[in-house]
Amino acid sequence: MKRLYEIDRSILEKRLNDIQAMKILVVHRQKNTVNVIQSVLSEKNPVVLQTESGLDGLLTSRIEHFDLIICGTDLPVVTGFELVRSVRTNSVNRHTPVIFLSDKIDDKAQHLSNALGAEAVLSMEDVSHKLPAIVKERVKIAQSEHLN
């Protein structure tokens, strides 16, 4: 029998998740891209950590949990696709939603992102108007599916 002051744990966890800021790893060479992402997602008050190379992003993603990973496809040392493939196999972020950023979205980029379970591949021009909707619709759904 539940006491009046006992709180259902799932309700409490959901409320805490709603209150906490979204923690995002952005792996991209251009600081301007990070600024755009922070600006576009400002209503979510994101905590954004940036790395400029795929290798740094990979090392960071293996030791620290993120709510979302956004990475470029063409990164120095380790490509974005290689980074995500490694994260999916051996990382605390194996179930973390991923969004790829690419200068040019071709069939190969689309195929690789689908194979790696990415939420989306966006061109740099699409970030401002498509990223908020993708985060709102797909990222929260992916997080709740992982919790269940």
# chains A, B, ... in the order shown; residues from 1 in each chain; ligands from 1
$ residues_around --residues "Gly117 of chain A" --least-positions-apart "4" --cutoff "12 Å" --atoms "only C-alpha atoms" --output "list in words"
Phe81, Val84, Arg85, Val87, Arg88, Arg94, His95, Thr96, Pro97, Val98, Ile99, Phe100, Gln110, His111, Leu112, Ser113, Val121, Arg138 and Ala142 of chain A
$ write_last_selection --atoms "N, CA and C atoms" --output "PDB file, in the first residue's frame"
ATOM      1  N   PHE A  81      31.279   9.474 -39.295  1.00  0.00           N
ATOM      2  CA  PHE A  81      30.711   8.132 -39.406  1.00  0.00           C
ATOM      3  C   PHE A  81      31.517   7.120 -38.595  1.00  0.00           C
ATOM      4  N   VAL A  84      30.726   7.653 -34.829  1.00  0.00           N
ATOM      5  CA  VAL A  84      29.437   7.106 -34.395  1.00  0.00           C
ATOM      6  C   VAL A  84      29.466   5.580 -34.402  1.00  0.00           C
ATOM      7  N   ARG A  85      30.108   4.981 -35.383  1.00  0.00           N
ATOM      8  CA  ARG A  85      30.218   3.515 -35.405  1.00  0.00           C
ATOM      9  C   ARG A  85      30.913   3.018 -34.136  1.00  0.00           C
ATOM     10  N   VAL A  87      31.152   4.707 -31.236  1.00  0.00           N
ATOM     11  CA  VAL A  87      30.297   5.038 -30.090  1.00  0.00           C
ATOM     12  C   VAL A  87      29.202   3.980 -29.934  1.00  0.00           C
ATOM     13  N   ARG A  88      28.641   3.533 -31.043  1.00  0.00           N
ATOM     14  CA  ARG A  88      27.561   2.543 -31.003  1.00  0.00           C
ATOM     15  C   ARG A  88      28.023   1.181 -30.474  1.00  0.00           C
ATOM     16  N   ARG A  94      26.002   4.604 -26.367  1.00  0.00           N
ATOM     17  CA  ARG A  94      25.621   3.729 -27.489  1.00  0.00           C
ATOM     18  C   ARG A  94      24.172   3.920 -27.923  1.00  0.00           C
ATOM     19  N   HIS A  95      23.320   4.417 -27.033  1.00  0.00           N
ATOM     20  CA  HIS A  95      21.910   4.643 -27.384  1.00  0.00           C
ATOM     21  C   HIS A  95      21.570   6.128 -27.535  1.00  0.00           C
ATOM     22  N   THR A  96      22.575   6.974 -27.482  1.00  0.00           N
ATOM     23  CA  THR A  96      22.357   8.421 -27.578  1.00  0.00           C
ATOM     24  C   THR A  96      21.987   8.807 -29.010  1.00  0.00           C
ATOM     25  N   PRO A  97      20.957   9.615 -29.179  1.00  0.00           N
ATOM     26  CA  PRO A  97      20.593  10.078 -30.527  1.00  0.00           C
ATOM     27  C   PRO A  97      21.726  10.883 -31.161  1.00  0.00           C
ATOM     28  N   VAL A  98      21.875  10.706 -32.478  1.00  0.00           N
ATOM     29  CA  VAL A  98      22.934  11.373 -33.236  1.00  0.00           C
ATOM     30  C   VAL A  98      22.315  12.109 -34.415  1.00  0.00           C
ATOM     31  N   ILE A  99      22.832  13.313 -34.654  1.00  0.00           N
ATOM     32  CA  ILE A  99      22.468  14.073 -35.849  1.00  0.00           C
ATOM     33  C   ILE A  99      23.766  14.428 -36.557  1.00  0.00           C
ATOM     34  N   PHE A 100      23.836  14.099 -37.851  1.00  0.00           N
ATOM     35  CA  PHE A 100      25.012  14.431 -38.652  1.00  0.00           C
ATOM     36  C   PHE A 100      24.803  15.768 -39.345  1.00  0.00           C
ATOM     37  N   GLN A 110      23.573   9.659 -46.689  1.00  0.00           N
ATOM     38  CA  GLN A 110      22.244   9.249 -46.210  1.00  0.00           C
ATOM     39  C   GLN A 110      22.238   7.774 -45.831  1.00  0.00           C
ATOM     40  N   HIS A 111      22.846   6.941 -46.665  1.00  0.00           N
ATOM     41  CA  HIS A 111      22.907   5.500 -46.394  1.00  0.00           C
ATOM     42  C   HIS A 111      23.692   5.205 -45.112  1.00  0.00           C
ATOM     43  N   LEU A 112      24.865   5.826 -44.965  1.00  0.00           N
ATOM     44  CA  LEU A 112      25.686   5.596 -43.773  1.00  0.00           C
ATOM     45  C   LEU A 112      24.978   6.066 -42.503  1.00  0.00           C
ATOM     46  N   SER A 113      24.321   7.206 -42.580  1.00  0.00           N
ATOM     47  CA  SER A 113      23.623   7.704 -41.390  1.00  0.00           C
ATOM     48  C   SER A 113      22.462   6.792 -41.007  1.00  0.00           C
ATOM     49  N   VAL A 121      20.306  13.643 -41.033  1.00  0.00           N
ATOM     50  CA  VAL A 121      21.485  14.253 -41.647  1.00  0.00           C
ATOM     51  C   VAL A 121      21.007  15.609 -42.134  1.00  0.00           C
ATOM     52  N   ARG A 138      12.138  13.775 -32.272  1.00  0.00           N
ATOM     53  CA  ARG A 138      12.848  12.495 -32.323  1.00  0.00           C
ATOM     54  C   ARG A 138      13.748  12.216 -31.138  1.00  0.00           C
ATOM     55  N   ALA A 142      13.407   9.052 -28.666  1.00  0.00           N
ATOM     56  CA  ALA A 142      14.501   8.075 -28.573  1.00  0.00           C
ATOM     57  C   ALA A 142      14.946   7.884 -27.124  1.00  0.00           C
TER      58      ALA A 142
END
$ residues_around --residues "Lys31 of chain A" --least-positions-apart "2" --cutoff "12 Å" --atoms "only C-alpha atoms" --output "number ranges by chain"
A: 26-29, 33-38, 48-52
$ write_last_selection --atoms "N, CA and C atoms" --output "mmCIF file, in the first residue's frame"
data_model
loop_
_atom_site.group_PDB
_atom_site.id
_atom_site.type_symbol
_atom_site.label_atom_id
_atom_site.label_comp_id
_atom_site.auth_asym_id
_atom_site.auth_seq_id
_atom_site.Cartn_x
_atom_site.Cartn_y
_atom_site.Cartn_z
ATOM 1 N N VAL A 26 28.934 18.468 -29.433
ATOM 2 C CA VAL A 26 29.024 18.896 -30.828
ATOM 3 C C VAL A 26 30.459 18.671 -31.280
ATOM 4 N N VAL A 27 30.602 17.838 -32.305
ATOM 5 C CA VAL A 27 31.921 17.540 -32.856
ATOM 6 C C VAL A 27 31.971 18.173 -34.238
ATOM 7 N N HIS A 28 32.608 19.333 -34.302
ATOM 8 C CA HIS A 28 32.668 20.082 -35.556
ATOM 9 C C HIS A 28 33.856 21.023 -35.503
ATOM 10 N N ARG A 29 34.447 21.273 -36.657
ATOM 11 C CA ARG A 29 35.639 22.133 -36.719
ATOM 12 C C ARG A 29 35.344 23.607 -36.516
ATOM 13 N N THR A 33 29.504 27.053 -36.070
ATOM 14 C CA THR A 33 28.465 26.028 -36.108
ATOM 15 C C THR A 33 27.944 25.753 -34.703
ATOM 16 N N VAL A 34 28.843 25.688 -33.751
ATOM 17 C CA VAL A 34 28.452 25.475 -32.354
ATOM 18 C C VAL A 34 27.588 26.639 -31.867
ATOM 19 N N ASN A 35 27.969 27.858 -32.213
ATOM 20 C CA ASN A 35 27.181 29.036 -31.826
ATOM 21 C C ASN A 35 25.781 28.995 -32.418
ATOM 22 N N VAL A 36 25.671 28.561 -33.676
ATOM 23 C CA VAL A 36 24.363 28.452 -34.326
ATOM 24 C C VAL A 36 23.508 27.422 -33.598
ATOM 25 N N ILE A 37 24.082 26.270 -33.268
ATOM 26 C CA ILE A 37 23.345 25.213 -32.571
ATOM 27 C C ILE A 37 22.867 25.712 -31.212
ATOM 28 N N GLN A 38 23.739 26.381 -30.471
ATOM 29 C CA GLN A 38 23.338 26.926 -29.166
ATOM 30 C C GLN A 38 22.215 27.943 -29.311
ATOM 31 N N VAL A 48 26.479 22.680 -23.873
ATOM 32 C CA VAL A 48 27.135 22.221 -25.093
ATOM 33 C C VAL A 48 28.640 22.094 -24.865
ATOM 34 N N LEU A 49 29.155 20.929 -25.197
ATOM 35 C CA LEU A 49 30.590 20.689 -25.165
ATOM 36 C C LEU A 49 31.040 20.482 -26.603
ATOM 37 N N GLN A 50 32.069 21.208 -27.021
ATOM 38 C CA GLN A 50 32.542 21.103 -28.392
ATOM 39 C C GLN A 50 33.920 20.480 -28.455
ATOM 40 N N THR A 51 34.099 19.595 -29.419
ATOM 41 C CA THR A 51 35.420 19.117 -29.787
ATOM 42 C C THR A 51 35.570 19.353 -31.284
ATOM 43 N N GLU A 52 36.804 19.556 -31.730
ATOM 44 C CA GLU A 52 37.015 19.914 -33.130
ATOM 45 C C GLU A 52 37.434 18.745 -34.006
#
$ residues_around --residues "segment 57-62 of chain A" --least-positions-apart "2" --cutoff "7 Å" --atoms "only C-alpha atoms" --output "ChimeraX atom specification"
/A:27,51,53-55,64-65,83,87,91-93
$ select_by_dssp --residues "segment 7-130 of chain A" --states "strand (DSSP E or B)" --output "ChimeraX atom specification"
/A:23-27,47-51,68-72,98-102,120-123
$ atom_distance --atom1 "atom CA of Ser123 of chain A" --atom2 "atom CA of Gln30 of chain A"
14.1 Å
